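First comes the structure, then the notes that go with it.
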Amino acid sequence: MSFRMRLPSADYFSDLVKAIQAVVDEGTFKLTSEGIRLIAMDPAHISLVDFELSNSAAEEYECSGELQMTLSISELMKFLKRAKKGESLTLSYDDQAKKLTITLVDATGSRERTFTLNTLETVEARSAVPSLAFDAKARVNVDAVKDAVKDSAVVSDYVKITITPEEVAFLAKGELGTVQTKLTKMGAAVYDIEADKEVWAHFSINYLDKIVRPASSLSDEMVMELSTNKPIKLGFPIPSGKLEYLIAPRIEGA
């Protein structure tokens, strides 16, 4: 069985893989006639990535049957970093040979480069997205959140994220001081808030930064879903696909 997908922009796929690498360095992609999907949890079981790219994102797409392709994400990124602006990308997977072929073609079609990456043994234990209900949801500007996370890192390794009916707030406390950022519902950085009450939880700034930084190159907005002392769900709208994360909270007093 085999798989082949041609994307108009190698840069775009490279950005998607960077966003996956924020959580895992190794992952199993499920390849079907509908598209590609990866659900994976980091080794510490603190964060999870749920990625999907529909066949509608591709200029050409072929997949015979259902396949699983396990890759080293860092090794894949080494090849993708060789892509130049304006190049198209074709991914071809041979299930028998267990090899992924990466083909880069420039805009004029005058130069074609081919790289081959050996795949890894697929481990059957697969991650699944837990079924969670959230009490609050906010659509916010991703750069505003990225700045809030960076500001919080000045004084602490953790930040308290609060969503109320009126605002999204970030509060970090450390021995050197306190940093607080408030994004109000009436301001330009908040597009929408759905909340009947105040909810909050503490999260690792390192994990937030690792996720928000690469994802910010793919989407101008992010969707935050939260319940008190429960995991936070971060979603980044992308064309013809899905990019969502879960981060476990640090349980402590308010």
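Labeling convention for the structure tokens: chains A, B, ... as they appear, residues from 1 per chain, ligands from 1 in order of appearance.
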
For Arg213 of chain A: contacts at 10 Å, only C-alpha atoms, fewer than 3 positions along chain excluded, given as a ChimeraX atom specification: /A:18-19,22,142-143,145-147,149-150,208-210,216-218

Write the residues of the preceding selection, restricted to N, CA, C and O atoms, as a JSON list (two decimals), in the first residue's frame.
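And here's part_5.json as it stands now:
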[["chain", "number", "residue", "atom", "x", "y", "z"],
["A", 18, "LYS", "N", 6.75, 21.85, 12.72],
["A", 18, "LYS", "CA", 7.34, 22.56, 13.87],
["A", 18, "LYS", "C", 6.36, 22.62, 15.03],
["A", 18, "LYS", "O", 6.74, 22.48, 16.20],
["A", 19, "ALA", "N", 5.10, 22.87, 14.71],
["A", 19, "ALA", "CA", 4.07, 22.96, 15.75],
["A", 19, "ALA", "C", 3.86, 21.60, 16.43],
["A", 19, "ALA", "O", 3.61, 21.53, 17.63],
["A", 22, "ALA", "N", 6.65, 20.76, 18.95],
["A", 22, "ALA", "CA", 6.56, 21.43, 20.25],
["A", 22, "ALA", "C", 6.18, 20.45, 21.35],
["A", 22, "ALA", "O", 6.49, 20.67, 22.52],
["A", 142, "VAL", "N", -3.45, 35.61, 18.97],
["A", 142, "VAL", "CA", -2.37, 34.72, 19.39],
["A", 142, "VAL", "C", -1.12, 35.50, 19.80],
["A", 142, "VAL", "O", -0.41, 35.10, 20.75],
["A", 143, "ASP", "N", -0.84, 36.63, 19.16],
["A", 143, "ASP", "CA", 0.35, 37.41, 19.55],
["A", 143, "ASP", "C", 0.20, 38.01, 20.94],
["A", 143, "ASP", "O", 1.18, 38.14, 21.68],
["A", 145, "VAL", "N", -1.39, 36.62, 23.42],
["A", 145, "VAL", "CA", -1.13, 35.53, 24.36],
["A", 145, "VAL", "C", 0.36, 35.22, 24.41],
["A", 145, "VAL", "O", 0.93, 34.99, 25.49],
["A", 146, "LYS", "N", 1.01, 35.23, 23.26],
["A", 146, "LYS", "CA", 2.45, 34.96, 23.21],
["A", 146, "LYS", "C", 3.20, 35.98, 24.07],
["A", 146, "LYS", "O", 4.12, 35.62, 24.83],
["A", 147, "ASP", "N", 2.82, 37.25, 23.98],
["A", 147, "ASP", "CA", 3.45, 38.29, 24.79],
["A", 147, "ASP", "C", 3.17, 38.09, 26.28],
["A", 147, "ASP", "O", 4.06, 38.29, 27.13],
["A", 149, "VAL", "N", 2.62, 35.31, 27.84],
["A", 149, "VAL", "CA", 3.41, 34.17, 28.32],
["A", 149, "VAL", "C", 4.86, 34.59, 28.51],
["A", 149, "VAL", "O", 5.50, 34.26, 29.52],
["A", 150, "LYS", "N", 5.41, 35.34, 27.55],
["A", 150, "LYS", "CA", 6.81, 35.80, 27.67],
["A", 150, "LYS", "C", 6.99, 36.74, 28.85],
["A", 150, "LYS", "O", 7.99, 36.67, 29.58],
["A", 208, "LEU", "N", 3.57, 26.21, 27.57],
["A", 208, "LEU", "CA", 2.78, 27.20, 26.83],
["A", 208, "LEU", "C", 3.62, 27.86, 25.74],
["A", 208, "LEU", "O", 3.18, 28.01, 24.60],
["A", 209, "ASP", "N", 4.83, 28.25, 26.09],
["A", 209, "ASP", "CA", 5.70, 28.94, 25.14],
["A", 209, "ASP", "C", 6.08, 28.02, 23.98],
["A", 209, "ASP", "O", 6.07, 28.44, 22.82],
["A", 210, "LYS", "N", 6.40, 26.76, 24.29],
["A", 210, "LYS", "CA", 6.80, 25.82, 23.25],
["A", 210, "LYS", "C", 5.68, 25.59, 22.23],
["A", 210, "LYS", "O", 5.95, 25.34, 21.06],
["A", 216, "SER", "N", 1.87, 30.21, 16.34],
["A", 216, "SER", "CA", 1.53, 31.59, 15.98],
["A", 216, "SER", "C", 1.87, 31.92, 14.53],
["A", 216, "SER", "O", 1.35, 32.89, 13.97],
["A", 217, "SER", "N", 2.75, 31.13, 13.92],
["A", 217, "SER", "CA", 3.08, 31.36, 12.51],
["A", 217, "SER", "C", 2.03, 30.76, 11.59],
["A", 217, "SER", "O", 2.05, 30.99, 10.38],
["A", 218, "LEU", "N", 1.11, 29.99, 12.15],
["A", 218, "LEU", "CA", 0.08, 29.32, 11.35],
["A", 218, "LEU", "C", -1.29, 29.97, 11.46],
["A", 218, "LEU", "O", -2.13, 29.81, 10.58]]

Those in segment 82-217 of chain A with helix (DSSP H, G or I) from DSSP, as number ranges by chain: A: 142-152, 205-215

Keeping only N, CA and C atoms, take the residues you just selected and write them out as a short mmCIF file (atom, residue, chain, number, x, y, z; two decimals), in the first residue's frame.
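Everything below was put into again.cif:
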data_model
loop_
_atom_site.label_atom_id
_atom_site.label_comp_id
_atom_site.auth_asym_id
_atom_site.auth_seq_id
_atom_site.Cartn_x
_atom_site.Cartn_y
_atom_site.Cartn_z
N VAL A 142 -3.45 35.61 18.97
CA VAL A 142 -2.37 34.72 19.39
C VAL A 142 -1.12 35.50 19.80
N ASP A 143 -0.84 36.63 19.16
CA ASP A 143 0.35 37.41 19.55
C ASP A 143 0.20 38.01 20.94
N ALA A 144 -1.03 38.38 21.31
CA ALA A 144 -1.27 38.92 22.65
C ALA A 144 -1.00 37.85 23.72
N VAL A 145 -1.39 36.62 23.42
CA VAL A 145 -1.13 35.53 24.36
C VAL A 145 0.36 35.22 24.41
N LYS A 146 1.01 35.23 23.26
CA LYS A 146 2.45 34.96 23.21
C LYS A 146 3.20 35.98 24.07
N ASP A 147 2.82 37.25 23.98
CA ASP A 147 3.45 38.29 24.79
C ASP A 147 3.17 38.09 26.28
N ALA A 148 1.95 37.71 26.61
CA ALA A 148 1.58 37.49 28.01
C ALA A 148 2.40 36.36 28.62
N VAL A 149 2.62 35.31 27.84
CA VAL A 149 3.41 34.17 28.32
C VAL A 149 4.86 34.59 28.51
N LYS A 150 5.41 35.34 27.55
CA LYS A 150 6.81 35.80 27.67
C LYS A 150 6.99 36.74 28.85
N ASP A 151 6.02 37.64 29.06
CA ASP A 151 6.08 38.55 30.20
C ASP A 151 6.07 37.78 31.51
N SER A 152 5.22 36.76 31.59
CA SER A 152 5.09 35.96 32.81
C SER A 152 6.39 35.24 33.15
N ILE A 205 4.84 27.62 32.07
CA ILE A 205 5.15 28.63 31.04
C ILE A 205 5.98 27.99 29.93
N ASN A 206 6.84 27.05 30.28
CA ASN A 206 7.67 26.38 29.28
C ASN A 206 6.82 25.67 28.24
N TYR A 207 5.80 24.94 28.70
CA TYR A 207 4.93 24.22 27.77
C TYR A 207 4.09 25.18 26.93
N LEU A 208 3.57 26.21 27.57
CA LEU A 208 2.78 27.20 26.83
C LEU A 208 3.62 27.86 25.74
N ASP A 209 4.83 28.25 26.09
CA ASP A 209 5.70 28.94 25.14
C ASP A 209 6.08 28.02 23.98
N LYS A 210 6.40 26.76 24.29
CA LYS A 210 6.80 25.82 23.25
C LYS A 210 5.68 25.59 22.23
N ILE A 211 4.43 25.70 22.69
CA ILE A 211 3.29 25.46 21.81
C ILE A 211 2.87 26.74 21.07
N VAL A 212 2.73 27.83 21.80
CA VAL A 212 2.19 29.06 21.20
C VAL A 212 3.15 29.66 20.17
N ARG A 213 4.45 29.56 20.44
CA ARG A 213 5.42 30.19 19.53
C ARG A 213 5.35 29.64 18.10
N PRO A 214 5.48 28.33 17.89
CA PRO A 214 5.40 27.84 16.51
C PRO A 214 4.00 27.93 15.91
N ALA A 215 2.97 27.74 16.74
CA ALA A 215 1.60 27.79 16.23
C ALA A 215 1.21 29.19 15.77
#

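Once segment 112-123 of chain A and its same-chain neighbours fewer than 2 positions away are set aside, Thr28, Met69, Thr70, Leu71, Lys98, Lys99, Leu100, Thr101, Ile102, Thr103, Leu104, Val105, Asp106, Ser110 and Ala125 of chain A remain within 7 Å of it when counting only C-alpha atoms.
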
Can you write just those residues out, all heavy atoms, as a JSON list (two decimals), in the first residue's frame?
[["chain", "number", "residue", "atom", "x", "y", "z"],
["A", 28, "THR", "N", 3.26, 8.83, 15.28],
["A", 28, "THR", "CA", 2.69, 7.95, 14.26],
["A", 28, "THR", "C", 1.55, 8.67, 13.55],
["A", 28, "THR", "O", 0.55, 9.04, 14.17],
["A", 28, "THR", "CB", 2.17, 6.64, 14.90],
["A", 28, "THR", "OG1", 3.25, 5.96, 15.50],
["A", 28, "THR", "CG2", 1.53, 5.74, 13.84],
["A", 69, "MET", "N", 2.35, 5.54, 9.69],
["A", 69, "MET", "CA", 3.73, 5.93, 9.38],
["A", 69, "MET", "C", 4.33, 6.60, 10.60],
["A", 69, "MET", "O", 3.90, 7.69, 11.00],
["A", 69, "MET", "CB", 3.72, 6.87, 8.18],
["A", 69, "MET", "CG", 5.07, 7.42, 7.78],
["A", 69, "MET", "SD", 4.97, 8.50, 6.31],
["A", 69, "MET", "CE", 4.06, 9.92, 6.99],
["A", 70, "THR", "N", 5.32, 5.96, 11.22],
["A", 70, "THR", "CA", 5.96, 6.49, 12.41],
["A", 70, "THR", "C", 7.27, 7.16, 12.04],
["A", 70, "THR", "O", 8.12, 6.55, 11.39],
["A", 70, "THR", "CB", 6.20, 5.39, 13.45],
["A", 70, "THR", "OG1", 4.95, 4.76, 13.76],
["A", 70, "THR", "CG2", 6.80, 5.96, 14.73],
["A", 71, "LEU", "N", 7.42, 8.41, 12.45],
["A", 71, "LEU", "CA", 8.58, 9.20, 12.05],
["A", 71, "LEU", "C", 9.26, 9.85, 13.25],
["A", 71, "LEU", "O", 8.61, 10.16, 14.25],
["A", 71, "LEU", "CB", 8.15, 10.34, 11.10],
["A", 71, "LEU", "CG", 7.52, 9.96, 9.76],
["A", 71, "LEU", "CD1", 7.02, 11.23, 9.08],
["A", 71, "LEU", "CD2", 8.52, 9.25, 8.88],
["A", 98, "LYS", "N", 9.06, 0.92, 3.92],
["A", 98, "LYS", "CA", 9.10, 1.71, 5.16],
["A", 98, "LYS", "C", 9.95, 2.96, 4.99],
["A", 98, "LYS", "O", 10.78, 3.30, 5.84],
["A", 98, "LYS", "CB", 9.62, 0.88, 6.34],
["A", 98, "LYS", "CG", 8.83, -0.38, 6.63],
["A", 98, "LYS", "CD", 7.40, -0.07, 7.05],
["A", 98, "LYS", "CE", 6.63, -1.33, 7.37],
["A", 98, "LYS", "NZ", 5.20, -1.04, 7.65],
["A", 99, "LYS", "N", 9.76, 3.63, 3.86],
["A", 99, "LYS", "CA", 10.52, 4.85, 3.58],
["A", 99, "LYS", "C", 9.58, 5.97, 3.14],
["A", 99, "LYS", "O", 8.61, 5.74, 2.41],
["A", 99, "LYS", "CB", 11.55, 4.59, 2.47],
["A", 99, "LYS", "CG", 12.67, 3.64, 2.86],
["A", 99, "LYS", "CD", 13.64, 3.46, 1.72],
["A", 99, "LYS", "CE", 14.71, 2.43, 2.07],
["A", 99, "LYS", "NZ", 15.58, 2.87, 3.19],
["A", 100, "LEU", "N", 9.89, 7.19, 3.61],
["A", 100, "LEU", "CA", 9.16, 8.38, 3.19],
["A", 100, "LEU", "C", 10.05, 9.18, 2.24],
["A", 100, "LEU", "O", 11.18, 9.51, 2.59],
["A", 100, "LEU", "CB", 8.79, 9.25, 4.41],
["A", 100, "LEU", "CG", 8.14, 10.60, 4.09],
["A", 100, "LEU", "CD1", 6.74, 10.41, 3.50],
["A", 100, "LEU", "CD2", 8.07, 11.48, 5.34],
["A", 101, "THR", "N", 9.52, 9.49, 1.07],
["A", 101, "THR", "CA", 10.26, 10.28, 0.10],
["A", 101, "THR", "C", 9.71, 11.70, 0.10],
["A", 101, "THR", "O", 8.50, 11.92, 0.03],
["A", 101, "THR", "CB", 10.12, 9.69, -1.31],
["A", 101, "THR", "OG1", 10.64, 8.36, -1.30],
["A", 101, "THR", "CG2", 10.92, 10.51, -2.32],
["A", 102, "ILE", "N", 10.61, 12.66, 0.23],
["A", 102, "ILE", "CA", 10.26, 14.08, 0.29],
["A", 102, "ILE", "C", 10.82, 14.75, -0.97],
["A", 102, "ILE", "O", 12.04, 14.74, -1.18],
["A", 102, "ILE", "CB", 10.86, 14.74, 1.55],
["A", 102, "ILE", "CG1", 10.32, 14.03, 2.81],
["A", 102, "ILE", "CG2", 10.55, 16.23, 1.60],
["A", 102, "ILE", "CD1", 11.25, 14.12, 3.99],
["A", 103, "THR", "N", 9.94, 15.30, -1.79],
["A", 103, "THR", "CA", 10.38, 15.92, -3.04],
["A", 103, "THR", "C", 10.05, 17.41, -3.02],
["A", 103, "THR", "O", 8.91, 17.80, -2.77],
["A", 103, "THR", "CB", 9.70, 15.26, -4.26],
["A", 103, "THR", "OG1", 9.94, 13.85, -4.23],
["A", 103, "THR", "CG2", 10.22, 15.84, -5.55],
["A", 104, "LEU", "N", 11.06, 18.22, -3.27],
["A", 104, "LEU", "CA", 10.90, 19.67, -3.32],
["A", 104, "LEU", "C", 11.14, 20.15, -4.74],
["A", 104, "LEU", "O", 12.15, 19.80, -5.36],
["A", 104, "LEU", "CB", 11.91, 20.34, -2.38],
["A", 104, "LEU", "CG", 11.83, 19.95, -0.89],
["A", 104, "LEU", "CD1", 13.04, 20.49, -0.13],
["A", 104, "LEU", "CD2", 10.54, 20.45, -0.28],
["A", 105, "VAL", "N", 10.19, 20.94, -5.26],
["A", 105, "VAL", "CA", 10.29, 21.46, -6.63],
["A", 105, "VAL", "C", 10.11, 22.97, -6.59],
["A", 105, "VAL", "O", 9.18, 23.48, -5.96],
["A", 105, "VAL", "CB", 9.23, 20.83, -7.56],
["A", 105, "VAL", "CG1", 9.36, 21.37, -8.98],
["A", 105, "VAL", "CG2", 9.35, 19.31, -7.55],
["A", 106, "ASP", "N", 11.01, 23.70, -7.28],
["A", 106, "ASP", "CA", 10.91, 25.15, -7.27],
["A", 106, "ASP", "C", 9.75, 25.64, -8.14],
["A", 106, "ASP", "O", 9.14, 24.86, -8.88],
["A", 106, "ASP", "CB", 12.23, 25.81, -7.67],
["A", 106, "ASP", "CG", 12.59, 25.59, -9.12],
["A", 106, "ASP", "OD1", 11.78, 25.04, -9.88],
["A", 106, "ASP", "OD2", 13.70, 25.98, -9.52],
["A", 110, "SER", "N", 12.13, 23.93, -12.62],
["A", 110, "SER", "CA", 13.45, 23.68, -13.22],
["A", 110, "SER", "C", 14.38, 22.90, -12.29],
["A", 110, "SER", "O", 15.41, 22.41, -12.73],
["A", 110, "SER", "CB", 14.11, 25.01, -13.61],
["A", 110, "SER", "OG", 14.32, 25.81, -12.46],
["A", 125, "ALA", "N", 0.63, 1.04, 21.05],
["A", 125, "ALA", "CA", 0.02, 1.86, 22.11],
["A", 125, "ALA", "C", -0.16, 3.28, 21.58],
["A", 125, "ALA", "O", 0.79, 4.01, 21.40],
["A", 125, "ALA", "CB", 0.89, 1.86, 23.35]]

Counting only C-alpha atoms, the residue of A:Ile46, A:Ala138, A:Leu16, A:Leu53 that sits nearest Pro249 of chain A: A:Ile46

Set the distance at 6 Å and use only C-alpha atoms: which residues neighbour Ser227 of chain A once local chain neighbours fewer than 2 positions away are removed? I'd like the list as a tab-separated table (two decimals) with N, CA, C and O atoms, in the first residue's frame.
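Final output, saved to out-v5.tsv:
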chain	number	residue	atom	x	y	z
A	134	PHE	N	-15.73	21.77	29.04
A	134	PHE	CA	-15.12	23.01	29.51
A	134	PHE	C	-16.19	24.02	29.91
A	134	PHE	O	-17.25	24.09	29.29
A	135	ASP	N	-15.88	24.82	30.95
A	135	ASP	CA	-16.84	25.81	31.45
A	135	ASP	C	-16.69	27.18	30.79
A	135	ASP	O	-17.57	28.02	30.94
A	199	VAL	N	-13.23	30.93	35.76
A	199	VAL	CA	-12.51	29.66	35.85
A	199	VAL	C	-11.02	29.96	35.76
A	199	VAL	O	-10.61	30.96	35.15
A	230	LYS	N	-8.40	22.17	35.64
A	230	LYS	CA	-8.49	21.10	34.63
A	230	LYS	C	-7.55	21.47	33.48
A	230	LYS	O	-7.07	22.60	33.38

Between atom CA of Ala201 of chain A and atom CA of Arg139 of chain A, distance in Å (one decimal):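 Computing it gives 17.5 Å between the two atoms.
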
Straight-line distance linking atom CA of Lys137 of chain A with atom CA of His45 of chain A, stated in Å to one decimal: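 Separating atom CA of Lys137 of chain A from atom CA of His45 of chain A is a distance of 23.5 Å.
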
Shell of 9 Å around Pro8 of chain A, only C-alpha atoms, local chain residues under 4 positions omitted, as a PyMOL selection string: chain A and resi 12+57-59+86-90

Met5 of chain A surroundings by only C-alpha atoms, 6 Å radius, close-in-sequence under 4 positions cut, as a list of chain:residue names: A:Glu60, A:Tyr61, A:Thr90, A:Leu91

Mind writing the picked residues with all heavy atoms as a PDB file, in the first residue's frame?
ATOM      1  N   GLU A  60      -2.635  17.255  -5.090  1.00  0.00           N
ATOM      2  CA  GLU A  60      -2.791  15.856  -5.489  1.00  0.00           C
ATOM      3  C   GLU A  60      -2.774  15.005  -4.227  1.00  0.00           C
ATOM      4  O   GLU A  60      -1.978  15.261  -3.317  1.00  0.00           O
ATOM      5  CB  GLU A  60      -1.660  15.424  -6.430  1.00  0.00           C
ATOM      6  CG  GLU A  60      -1.581  16.204  -7.731  1.00  0.00           C
ATOM      7  CD  GLU A  60      -0.333  15.838  -8.525  1.00  0.00           C
ATOM      8  OE1 GLU A  60       0.228  14.742  -8.291  1.00  0.00           O
ATOM      9  OE2 GLU A  60       0.082  16.652  -9.373  1.00  0.00           O
ATOM     10  N   TYR A  61      -3.644  13.999  -4.175  1.00  0.00           N
ATOM     11  CA  TYR A  61      -3.698  13.161  -2.973  1.00  0.00           C
ATOM     12  C   TYR A  61      -4.116  11.745  -3.362  1.00  0.00           C
ATOM     13  O   TYR A  61      -5.141  11.544  -4.017  1.00  0.00           O
ATOM     14  CB  TYR A  61      -4.694  13.731  -1.958  1.00  0.00           C
ATOM     15  CG  TYR A  61      -4.628  13.074  -0.601  1.00  0.00           C
ATOM     16  CD1 TYR A  61      -3.841  13.604   0.414  1.00  0.00           C
ATOM     17  CD2 TYR A  61      -5.330  11.902  -0.331  1.00  0.00           C
ATOM     18  CE1 TYR A  61      -3.758  12.997   1.655  1.00  0.00           C
ATOM     19  CE2 TYR A  61      -5.256  11.282   0.904  1.00  0.00           C
ATOM     20  CZ  TYR A  61      -4.465  11.835   1.903  1.00  0.00           C
ATOM     21  OH  TYR A  61      -4.374  11.226   3.130  1.00  0.00           O
ATOM     22  N   THR A  90       6.123  17.281  -2.159  1.00  0.00           N
ATOM     23  CA  THR A  90       5.418  16.015  -2.370  1.00  0.00           C
ATOM     24  C   THR A  90       5.943  14.996  -1.369  1.00  0.00           C
ATOM     25  O   THR A  90       7.158  14.790  -1.248  1.00  0.00           O
ATOM     26  CB  THR A  90       5.622  15.480  -3.800  1.00  0.00           C
ATOM     27  OG1 THR A  90       5.127  16.437  -4.741  1.00  0.00           O
ATOM     28  CG2 THR A  90       4.854  14.176  -3.997  1.00  0.00           C
ATOM     29  N   LEU A  91       5.024  14.392  -0.624  1.00  0.00           N
ATOM     30  CA  LEU A  91       5.357  13.327   0.318  1.00  0.00           C
ATOM     31  C   LEU A  91       4.856  12.008  -0.255  1.00  0.00           C
ATOM     32  O   LEU A  91       3.678  11.893  -0.615  1.00  0.00           O
ATOM     33  CB  LEU A  91       4.703  13.582   1.679  1.00  0.00           C
ATOM     34  CG  LEU A  91       5.082  14.869   2.411  1.00  0.00           C
ATOM     35  CD1 LEU A  91       4.225  15.032   3.657  1.00  0.00           C
ATOM     36  CD2 LEU A  91       6.563  14.861   2.789  1.00  0.00           C
TER      37      LEU A  91
END

Spatial neighbours of Ile161 of chain A, 10 Å, only C-alpha atoms, chain gap at least 3 places, as a ChimeraX atom specification: /A:149,158,168-172,181-182,199-203,226,228,232

Restricted to C-alpha atoms, what would the selected residues look like written as a PDB file, in the first residue's frame?
ATOM      1  CA  VAL A 149       3.407  34.169  28.315  1.00  0.00           C
ATOM      2  CA  TYR A 158       4.123  28.989  36.014  1.00  0.00           C
ATOM      3  CA  VAL A 168      -8.824  36.649  29.915  1.00  0.00           C
ATOM      4  CA  ALA A 169      -6.063  37.208  32.486  1.00  0.00           C
ATOM      5  CA  PHE A 170      -2.532  35.909  33.010  1.00  0.00           C
ATOM      6  CA  LEU A 171      -0.929  36.193  36.459  1.00  0.00           C
ATOM      7  CA  ALA A 172       2.581  35.083  37.394  1.00  0.00           C
ATOM      8  CA  THR A 181      -1.776  40.787  31.755  1.00  0.00           C
ATOM      9  CA  LYS A 182      -5.493  41.381  31.248  1.00  0.00           C
ATOM     10  CA  VAL A 199     -12.513  29.663  35.852  1.00  0.00           C
ATOM     11  CA  TRP A 200      -8.761  29.344  36.350  1.00  0.00           C
ATOM     12  CA  ALA A 201      -5.786  27.002  36.500  1.00  0.00           C
ATOM     13  CA  HIS A 202      -1.983  27.163  36.664  1.00  0.00           C
ATOM     14  CA  PHE A 203       0.174  26.024  33.740  1.00  0.00           C
ATOM     15  CA  LEU A 226     -10.792  25.986  30.341  1.00  0.00           C
ATOM     16  CA  THR A 228     -10.974  25.322  37.059  1.00  0.00           C
ATOM     17  CA  ILE A 232      -6.523  23.774  29.039  1.00  0.00           C
TER      18      ILE A 232
END

Interatomic distance, atom CA of Ala188 of chain A to atom CA of Asp11 of chain A (Å, one decimal): 29.1 Å

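If only C-alpha atoms are the atoms counted, then among A:Gly109, A:Pro43, A:Gly174, A:Pro165 the closest residue to Val190 of chain A is A:Pro165.
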
All strand (DSSP E or B) positions in segment 47-82 of chain A, as a PyMOL selection string: chain A and resi 47-54+60-63+67-72

May I have the residues from that selection written out with N, CA, C and O atoms, as a compact mmCIF listing (two decimals), in the first residue's frame?
# COMPACT_ATOMS: atom_id res chain seq x y z
N SER A 47 1.45 17.31 28.01
CA SER A 47 0.79 17.95 26.87
C SER A 47 0.48 16.93 25.78
O SER A 47 1.14 15.89 25.68
N LEU A 48 -0.52 17.25 24.97
CA LEU A 48 -0.96 16.38 23.88
C LEU A 48 -1.24 17.23 22.66
O LEU A 48 -1.77 18.33 22.77
N VAL A 49 -0.88 16.73 21.48
CA VAL A 49 -1.17 17.42 20.23
C VAL A 49 -2.15 16.57 19.41
O VAL A 49 -2.01 15.35 19.35
N ASP A 50 -3.13 17.23 18.82
CA ASP A 50 -4.11 16.60 17.95
C ASP A 50 -4.06 17.34 16.61
O ASP A 50 -4.53 18.47 16.51
N PHE A 51 -3.45 16.70 15.61
CA PHE A 51 -3.22 17.35 14.32
C PHE A 51 -3.94 16.59 13.21
O PHE A 51 -3.96 15.36 13.20
N GLU A 52 -4.52 17.35 12.30
CA GLU A 52 -5.19 16.72 11.15
C GLU A 52 -5.05 17.64 9.94
O GLU A 52 -5.16 18.86 10.05
N LEU A 53 -4.76 17.04 8.78
CA LEU A 53 -4.70 17.79 7.53
C LEU A 53 -5.53 17.03 6.51
O LEU A 53 -5.24 15.86 6.18
N SER A 54 -6.57 17.68 6.01
CA SER A 54 -7.51 17.05 5.08
C SER A 54 -6.89 16.90 3.69
O SER A 54 -6.00 17.67 3.31
N GLU A 60 -2.63 17.25 -5.09
CA GLU A 60 -2.79 15.86 -5.49
C GLU A 60 -2.77 15.01 -4.23
O GLU A 60 -1.98 15.26 -3.32
N TYR A 61 -3.64 14.00 -4.17
CA TYR A 61 -3.70 13.16 -2.97
C TYR A 61 -4.12 11.75 -3.36
O TYR A 61 -5.14 11.54 -4.02
N GLU A 62 -3.33 10.77 -2.95
CA GLU A 62 -3.64 9.36 -3.19
C GLU A 62 -3.28 8.57 -1.94
O GLU A 62 -2.21 8.75 -1.37
N CYS A 63 -4.17 7.69 -1.53
CA CYS A 63 -3.87 6.82 -0.39
C CYS A 63 -4.65 5.52 -0.56
O CYS A 63 -5.88 5.52 -0.60
N LEU A 67 -3.02 3.43 6.42
CA LEU A 67 -1.61 3.19 6.73
C LEU A 67 -1.21 3.90 8.01
O LEU A 67 -1.84 4.89 8.40
N GLN A 68 -0.17 3.39 8.64
CA GLN A 68 0.44 4.07 9.79
C GLN A 68 1.92 4.31 9.47
O GLN A 68 2.62 3.40 9.03
N MET A 69 2.35 5.54 9.69
CA MET A 69 3.73 5.93 9.38
C MET A 69 4.33 6.60 10.60
O MET A 69 3.90 7.69 11.00
N THR A 70 5.32 5.96 11.22
CA THR A 70 5.96 6.49 12.41
C THR A 70 7.27 7.16 12.04
O THR A 70 8.12 6.55 11.39
N LEU A 71 7.42 8.41 12.45
CA LEU A 71 8.58 9.20 12.05
C LEU A 71 9.26 9.85 13.25
O LEU A 71 8.61 10.16 14.25
N SER A 72 10.55 10.08 13.11
CA SER A 72 11.27 10.99 14.00
C SER A 72 10.96 12.40 13.50
O SER A 72 11.33 12.75 12.37
